[in-house]
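Enquirer: Handing over my_file22.pdb, PDB, C-alpha atoms.
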ATOM      1  CA  MET A   1       1.525 -20.640  23.699
ATOM      2  CA  ASP A   2       1.988 -19.041  27.131
ATOM      3  CA  VAL A   3       3.565 -15.992  25.502
ATOM      4  CA  LEU A   4       0.480 -15.475  23.355
ATOM      5  CA  LEU A   5      -2.151 -16.241  25.991
ATOM      6  CA  GLY A   6      -0.408 -14.083  28.591
ATOM      7  CA  ASN A   7      -0.345 -11.120  26.203
ATOM      8  CA  LEU A   8      -3.445 -11.801  24.109
ATOM      9  CA  PRO A   9      -5.091  -8.367  24.589
ATOM     10  CA  GLU A  10      -1.816  -6.678  23.597
ATOM     11  CA  TYR A  11      -1.467  -8.989  20.595
ATOM     12  CA  LEU A  12      -4.997  -8.409  19.321
ATOM     13  CA  THR A  13      -4.858  -4.657  19.897
ATOM     14  CA  ARG A  14      -1.590  -4.320  18.012
ATOM     15  CA  PHE A  15      -2.852  -6.361  15.077
ATOM     16  CA  GLY A  16      -5.975  -4.223  15.099
ATOM     17  CA  GLY A  17      -3.684  -1.214  14.679
ATOM     18  CA  THR A  18      -1.873  -2.992  11.848
ATOM     19  CA  ILE A  19      -5.136  -3.740  10.040
ATOM     20  CA  GLY A  20      -6.304  -0.139  10.419
ATOM     21  CA  LEU A  21      -2.980   1.180   9.174
ATOM     22  CA  PHE A  22      -3.056  -1.194   6.201
ATOM     23  CA  VAL A  23      -6.655  -0.470   5.181
ATOM     24  CA  VAL A  24      -6.348   3.323   5.309
ATOM     25  CA  SER A  25      -2.919   3.369   3.663
ATOM     26  CA  GLY A  26      -4.014   0.834   1.049
ATOM     27  CA  ILE A  27      -7.028   2.884  -0.041
ATOM     28  CA  ALA A  28      -5.051   6.133  -0.088
ATOM     29  CA  SER A  29      -2.165   4.578  -2.046
ATOM     30  CA  LEU A  30      -4.531   3.108  -4.641
ATOM     31  CA  ILE A  31      -6.216   6.455  -5.231
ATOM     32  CA  LEU A  32      -2.962   8.395  -5.389
ATOM     33  CA  GLY A  33      -1.310   5.687  -7.508
ATOM     34  CA  VAL A  34      -4.060   5.858 -10.139
ATOM     35  CA  VAL A  35      -3.790   9.659 -10.222
ATOM     36  CA  LEU A  36      -0.017   9.398 -10.675
ATOM     37  CA  ALA A  37      -0.456   6.840 -13.458
ATOM     38  CA  ALA A  38      -2.840   9.232 -15.211
ATOM     39  CA  MET A  39      -0.243  11.970 -14.868
ATOM     40  CA  ARG A  40       2.446   9.746 -16.371
ATOM     41  CA  VAL A  41       0.370   9.031 -19.501
ATOM     42  CA  SER A  42      -1.056  12.542 -19.722
ATOM     43  CA  PRO A  43      -0.663  14.493 -22.973
ATOM     44  CA  VAL A  44       0.487  17.470 -20.872
ATOM     45  CA  PRO A  45       4.323  17.427 -20.598
ATOM     46  CA  ALA A  46       4.373  19.144 -17.197
ATOM     47  CA  MET A  47       2.095  16.458 -15.737
ATOM     48  CA  ARG A  48       4.275  13.670 -17.123
ATOM     49  CA  ILE A  49       7.436  15.271 -15.728
ATOM     50  CA  ALA A  50       5.867  15.774 -12.282
ATOM     51  CA  GLY A  51       4.583  12.186 -12.166
ATOM     52  CA  THR A  52       7.927  10.765 -13.286
ATOM     53  CA  ALA A  53       9.844  12.857 -10.744
ATOM     54  CA  TYR A  54       7.569  11.715  -7.909
ATOM     55  CA  VAL A  55       7.834   8.031  -8.792
ATOM     56  CA  THR A  56      11.595   8.195  -9.283
ATOM     57  CA  LEU A  57      12.127   9.934  -5.947
ATOM     58  CA  LEU A  58       9.873   7.718  -3.835
ATOM     59  CA  ARG A  59      10.840   4.400  -5.415
ATOM     60  CA  ASN A  60      14.514   5.087  -4.782
ATOM     61  CA  THR A  61      14.080   6.273  -1.183
ATOM     62  CA  PRO A  62      14.085   3.666   1.618
ATOM     63  CA  LEU A  63      10.747   3.409   3.399
ATOM     64  CA  THR A  64      12.511   3.806   6.747
ATOM     65  CA  LEU A  65      13.746   7.258   5.746
ATOM     66  CA  VAL A  66      10.288   8.261   4.526
ATOM     67  CA  LEU A  67       8.662   7.257   7.817
ATOM     68  CA  PHE A  68      11.435   8.818   9.887
ATOM     69  CA  PHE A  69      10.922  12.086   8.045
ATOM     70  CA  PHE A  70       7.221  12.135   8.866
ATOM     71  CA  ALA A  71       7.789  10.942  12.440
ATOM     72  CA  LEU A  72      10.602  13.368  13.275
ATOM     73  CA  GLY A  73      10.688  16.123  10.681
ATOM     74  CA  PHE A  74       7.100  16.770   9.644
ATOM     75  CA  THR A  75       5.958  18.056  13.041
ATOM     76  CA  LYS A  76       8.935  20.420  13.314
ATOM     77  CA  LEU A  77       8.563  21.774   9.789
ATOM     78  CA  PHE A  78       4.785  22.017   9.612
ATOM     79  CA  PHE A  79       2.320  21.090  12.374
ATOM     80  CA  TYR A  80       1.567  18.290  14.809
ATOM     81  CA  LEU A  81      -0.250  15.165  13.714
ATOM     82  CA  PRO A  82      -0.711  11.868  15.575
ATOM     83  CA  PHE A  83       1.908   9.247  14.780
ATOM     84  CA  PHE A  84      -0.768   7.011  13.236
ATOM     85  CA  LEU A  85      -1.716   9.649  10.658
ATOM     86  CA  LEU A  86       1.931  10.392   9.932
ATOM     87  CA  ALA A  87       2.528   6.685   9.322
ATOM     88  CA  VAL A  88      -0.508   6.547   7.022
ATOM     89  CA  ILE A  89       0.802   9.494   5.006
ATOM     90  CA  GLY A  90       4.287   8.032   4.737
ATOM     91  CA  LEU A  91       3.121   4.544   3.755
ATOM     92  CA  SER A  92       0.558   5.914   1.300
ATOM     93  CA  LEU A  93       3.004   8.222  -0.466
ATOM     94  CA  TYR A  94       5.628   5.481  -0.675
ATOM     95  CA  THR A  95       3.306   2.709  -1.870
ATOM     96  CA  ALA A  96       1.553   4.982  -4.381
ATOM     97  CA  ALA A  97       4.748   5.135  -6.435
ATOM     98  CA  PHE A  98       4.665   1.345  -6.894
ATOM     99  CA  VAL A  99       0.914   1.318  -7.534
ATOM    100  CA  CYS A 100       1.477   3.952 -10.216
ATOM    101  CA  GLU A 101       3.973   1.809 -12.105
ATOM    102  CA  VAL A 102       1.708  -1.238 -11.935
ATOM    103  CA  VAL A 103      -1.300   0.699 -13.227
ATOM    104  CA  ARG A 104       0.782   2.390 -15.916
ATOM    105  CA  GLY A 105       1.946  -1.030 -17.055
ATOM    106  CA  GLY A 106      -1.683  -2.131 -17.273
ATOM    107  CA  ILE A 107      -2.598   0.929 -19.303
ATOM    108  CA  SER A 108       0.122   0.071 -21.808
ATOM    109  CA  THR A 109      -1.497  -3.346 -22.410
ATOM    110  CA  VAL A 110      -4.668  -1.706 -23.758
ATOM    111  CA  SER A 111      -4.386  -1.288 -27.507
ATOM    112  CA  ALA A 112      -3.850   2.237 -28.726
ATOM    113  CA  GLY A 113      -6.639   1.725 -31.239
ATOM    114  CA  GLN A 114      -9.262   1.761 -28.487
ATOM    115  CA  ALA A 115      -8.062   5.098 -27.157
ATOM    116  CA  GLU A 116      -8.010   6.506 -30.690
ATOM    117  CA  ALA A 117     -11.548   5.267 -31.278
ATOM    118  CA  ALA A 118     -12.685   6.917 -28.042
ATOM    119  CA  ARG A 119     -11.126  10.217 -29.111
ATOM    120  CA  ALA A 120     -12.788   9.879 -32.510
ATOM    121  CA  LEU A 121     -16.116   9.653 -30.696
ATOM    122  CA  GLY A 122     -15.361  12.957 -28.990
ATOM    123  CA  LEU A 123     -14.212  11.692 -25.608
ATOM    124  CA  GLY A 124     -11.516  13.728 -23.870
ATOM    125  CA  PHE A 125      -8.422  12.350 -22.177
ATOM    126  CA  ARG A 126     -10.104  11.980 -18.762
ATOM    127  CA  GLN A 127     -13.164  10.226 -20.181
ATOM    128  CA  THR A 128     -11.064   7.948 -22.381
ATOM    129  CA  LEU A 129      -8.909   6.977 -19.436
ATOM    130  CA  THR A 130     -11.699   6.369 -16.928
ATOM    131  CA  VAL A 131     -14.337   4.853 -19.228
ATOM    132  CA  VAL A 132     -12.306   2.918 -21.797
ATOM    133  CA  VAL A 133      -8.725   2.309 -20.671
ATOM    134  CA  LEU A 134      -8.695   1.834 -16.884
ATOM    135  CA  PRO A 135     -11.535  -0.741 -16.689
ATOM    136  CA  GLN A 136      -9.554  -2.980 -19.050
ATOM    137  CA  ALA A 137      -6.193  -2.229 -17.443
ATOM    138  CA  VAL A 138      -7.404  -3.206 -13.957
ATOM    139  CA  ARG A 139      -7.984  -6.801 -15.051
ATOM    140  CA  SER A 140      -4.396  -7.264 -16.154
ATOM    141  CA  VAL A 141      -2.830  -5.597 -13.118
ATOM    142  CA  MET A 142      -4.685  -7.378 -10.325
ATOM    143  CA  PRO A 143      -1.909  -9.931  -9.572
ATOM    144  CA  PRO A 144       0.938  -7.373  -9.300
ATOM    145  CA  LEU A 145      -1.364  -4.866  -7.595
ATOM    146  CA  THR A 146      -2.245  -7.436  -4.947
ATOM    147  CA  SER A 147       1.464  -8.126  -4.480
ATOM    148  CA  VAL A 148       2.038  -4.401  -3.864
ATOM    149  CA  GLN A 149      -0.708  -4.370  -1.235
ATOM    150  CA  ILE A 150       0.726  -7.467   0.442
ATOM    151  CA  ALA A 151       4.090  -5.695   0.556
ATOM    152  CA  LEU A 152       2.321  -2.702   2.128
ATOM    153  CA  LEU A 153       0.820  -4.950   4.799
ATOM    154  CA  LYS A 154       4.267  -6.242   5.717
ATOM    155  CA  ASN A 155       5.764  -2.742   5.515
ATOM    156  CA  THR A 156       3.467  -1.601   8.319
ATOM    157  CA  THR A 157       5.940  -3.223  10.724
ATOM    158  CA  VAL A 158       8.414  -0.441   9.860
ATOM    159  CA  ALA A 159       5.977   2.004  11.451
ATOM    160  CA  ALA A 160       6.749   0.438  14.830
ATOM    161  CA  GLY A 161       9.976   2.451  14.782
ATOM    162  CA  SER A 162       7.848   5.609  14.563
ATOM    163  CA  SER A 163       5.997   4.854  17.813
ATOM    164  CA  VAL A 164       2.906   3.555  16.021
ATOM    165  CA  PHE A 165       1.023   0.987  18.093
ATOM    166  CA  GLU A 166       1.006  -1.985  15.699
ATOM    167  CA  ALA A 167       1.997  -5.652  15.522
ATOM    168  CA  GLY A 168       5.664  -5.013  14.759
ATOM    169  CA  GLY A 169       6.199  -3.804  18.316
ATOM    170  CA  PHE A 170       4.616  -6.815  20.022
ATOM    171  CA  TYR A 171       7.947  -8.493  20.659
ATOM    172  CA  ARG A 172       9.208  -5.455  22.572
ATOM    173  CA  ALA A 173       6.173  -5.519  24.847
ATOM    174  CA  VAL A 174       6.788  -9.217  25.532
ATOM    175  CA  ASN A 175      10.494  -8.629  26.109
ATOM    176  CA  GLU A 176       9.761  -5.898  28.664
ATOM    177  CA  GLN A 177       7.758  -8.453  30.661
ATOM    178  CA  GLY A 178      10.564 -10.995  30.545
ATOM    179  CA  GLY A 179       9.018 -13.184  27.875
ATOM    180  CA  SER A 180      10.740 -14.851  24.935
ATOM    181  CA  THR A 181      11.396 -12.394  22.103
ATOM    182  CA  LEU A 182      11.855 -15.221  19.592
ATOM    183  CA  VAL A 183       8.503 -16.794  20.411
ATOM    184  CA  ALA A 184       6.819 -13.390  20.213
ATOM    185  CA  LEU A 185       8.308 -12.807  16.758
ATOM    186  CA  LEU A 186       7.039 -16.202  15.618
ATOM    187  CA  TRP A 187       3.513 -15.301  16.735
ATOM    188  CA  VAL A 188       3.791 -11.985  14.882
ATOM    189  CA  ALA A 189       4.916 -13.832  11.742
ATOM    190  CA  LEU A 190       1.956 -16.223  12.057
ATOM    191  CA  GLY A 191      -0.410 -13.282  12.426
ATOM    192  CA  PHE A 192       0.856 -11.743   9.198
ATOM    193  CA  VAL A 193       0.513 -15.066   7.384
ATOM    194  CA  ILE A 194      -3.129 -15.194   8.484
ATOM    195  CA  LEU A 195      -3.691 -11.653   7.197
ATOM    196  CA  VAL A 196      -1.984 -12.288   3.860
ATOM    197  CA  ILE A 197      -3.925 -15.493   3.035
ATOM    198  CA  PRO A 198      -7.282 -13.702   2.368
ATOM    199  CA  LEU A 199      -5.546 -11.261   0.004
ATOM    200  CA  THR A 200      -4.016 -14.152  -1.918
ATOM    201  CA  VAL A 201      -7.352 -15.969  -2.120
ATOM    202  CA  LEU A 202      -9.064 -12.780  -3.347
ATOM    203  CA  GLN A 203      -6.376 -12.319  -5.983
ATOM    204  CA  ARG A 204      -6.839 -15.839  -7.339
ATOM    205  CA  ARG A 205     -10.619 -15.579  -7.426
ATOM    206  CA  LEU A 206     -10.502 -12.300  -9.325
ATOM    207  CA  GLU A 207      -7.964 -13.716 -11.743
ATOM    208  CA  LYS A 208     -10.157 -16.749 -12.388
ATOM    209  CA  ARG A 209     -13.373 -14.741 -12.802
ATOM    210  CA  TRP A 210     -11.879 -12.131 -15.126
ATOM    211  CA  SER A 211      -9.915 -14.649 -17.172
ATOM    212  CA  VAL A 212     -13.202 -16.454 -17.882
ATOM    213  CA  SER A 213     -14.960 -13.200 -18.808
ATOM    214  CA  ARG A 214     -12.165 -12.348 -21.245
TER     215      ARG A 214
END
Would you mind writing the structure in this file as structure tokens?
Expert:
Amino acid sequence: MDVLLGNLPEYLTRFGGTIGLFVVSGIASLILGVVLAAMRVSPVPAMRIAGTAYVTLLRNTPLTLVLFFFALGFTKLFFYLPFFLLAVIGLSLYTAAFVCEVVRGGISTVSAGQAEAARALGLGFRQTLTVVVLPQAVRSVMPPLTSVQIALLKNTTVAAGSSVFEAGGFYRAVNEQGGSTLVALLWVALGFVILVIPLTVLQRRLEKRWSVSR
């Protein structure tokens, strides 16, 4: 307890950075993931190829390499951005590939007859996807989509290696002051458990509500 109380401002500030990193990256990855899923089911071959290439590349690249590229290579190749924004970009691009596959799986659960009926009514691909298909697909993908976001929350600790001020680096701050690294890591683990619990509760409530409505 002394380790936590003696470094409480540091602990809270770092977890505040983690929450900010998670929220921004989570929203960005959801938006990009849905766009990628639309590309992968698009009737345009070039869009499908581009979406498949993106997902294949990012899903098979370690997150550490993605973040190291943005932390070390992006500034040299392009222009300077704060480490926080670089971490957001890296986490968003990486997580979007997994969001895409989850959403695409949900789209495949919607019967083809509904899409055909929408086209028969004169709706285009974009309208069919956004009005008919996606609202139904979201219900079936909430559990795996929540799991992806929980994984994103835990992946924010990797950003500590890119000089981002977040919870993953708390143990180093404690170690520099002569405190117990092991105890600091246990407090970090507890903090992440506390953050994950609301996501799990939200997932179960949505599952229960939508299963009843179906």
Enquirer: Can you tell me, as a PyMOL selection string, what residues are no more than 12 Å from A:Thr52 when counting all atoms listed in the file, ignoring any on the same chain fewer than 2 positions away?
Expert: chain A and resi 36-42+45-50+54-59+97-98+100-101+104
Enquirer: Can you list what the PyMOL selection byres ((chain A and resi 116-125) around 12) grabs from this structure, as a ChimeraX atom specification?
Expert: /A:38-39,41-44,110-115,126-134
Enquirer: Please dump the current selection as a PDB file, in the frame of the given file; keep C-alpha atoms.
Expert:
ATOM      1  CA  ALA A  38      -2.840   9.232 -15.211  1.00  0.00           C
ATOM      2  CA  MET A  39      -0.243  11.970 -14.868  1.00  0.00           C
ATOM      3  CA  VAL A  41       0.370   9.031 -19.501  1.00  0.00           C
ATOM      4  CA  SER A  42      -1.056  12.542 -19.722  1.00  0.00           C
ATOM      5  CA  PRO A  43      -0.663  14.493 -22.973  1.00  0.00           C
ATOM      6  CA  VAL A  44       0.487  17.470 -20.872  1.00  0.00           C
ATOM      7  CA  VAL A 110      -4.668  -1.706 -23.758  1.00  0.00           C
ATOM      8  CA  SER A 111      -4.386  -1.288 -27.507  1.00  0.00           C
ATOM      9  CA  ALA A 112      -3.850   2.237 -28.726  1.00  0.00           C
ATOM     10  CA  GLY A 113      -6.639   1.725 -31.239  1.00  0.00           C
ATOM     11  CA  GLN A 114      -9.262   1.761 -28.487  1.00  0.00           C
ATOM     12  CA  ALA A 115      -8.062   5.098 -27.157  1.00  0.00           C
ATOM     13  CA  ARG A 126     -10.104  11.980 -18.762  1.00  0.00           C
ATOM     14  CA  GLN A 127     -13.164  10.226 -20.181  1.00  0.00           C
ATOM     15  CA  THR A 128     -11.064   7.948 -22.381  1.00  0.00           C
ATOM     16  CA  LEU A 129      -8.909   6.977 -19.436  1.00  0.00           C
ATOM     17  CA  THR A 130     -11.699   6.369 -16.928  1.00  0.00           C
ATOM     18  CA  VAL A 131     -14.337   4.853 -19.228  1.00  0.00           C
ATOM     19  CA  VAL A 132     -12.306   2.918 -21.797  1.00  0.00           C
ATOM     20  CA  VAL A 133      -8.725   2.309 -20.671  1.00  0.00           C
ATOM     21  CA  LEU A 134      -8.695   1.834 -16.884  1.00  0.00           C
TER      22      LEU A 134
END
Enquirer: Go ahead and compute the interatomic distance for atom CA of A:Gln149 and atom CA of A:Tyr94, in Å to one decimal.
Expert: 11.7 Å
Enquirer: With all atoms listed in the file as the atoms that count, which of A:Ile150, A:Leu12, A:Val23, A:Ala159 lies nearest to A:Phe68?
Expert: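 Distance minimum relative to A:Phe68 lands on A:Ala159.
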Enquirer: Have a look at A:Arg139, A:Leu63, A:Thr156, A:Ser92 and name the one nearest to A:Gly33; count all atoms listed in the file.
Expert: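 Closest residue, counting all atoms listed in the file: A:Ser92.
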Enquirer: Could you jot down the atom CA of A:Leu93 to atom CA of A:Ala28 separation for me, Å, one decimal place?
Expert: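 Distance reported for this atom pair: 8.3 Å.
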Enquirer: Rank nothing, just name the residue among A:Leu152, A:Val102, A:Met142, A:Lys76 nearest to A:Ile27, using all atoms listed in the file.
Expert: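 Between A:Leu152, A:Val102, A:Met142, A:Lys76, the residue approaching A:Ile27 most closely is A:Leu152.
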Enquirer: Could you pull the residues within 6 Å of A:Gly106, counting only C-alpha atoms, minus those fewer than 4 positions along the same chain, as a PyMOL selection string?
Expert: chain A and resi 137+140-141
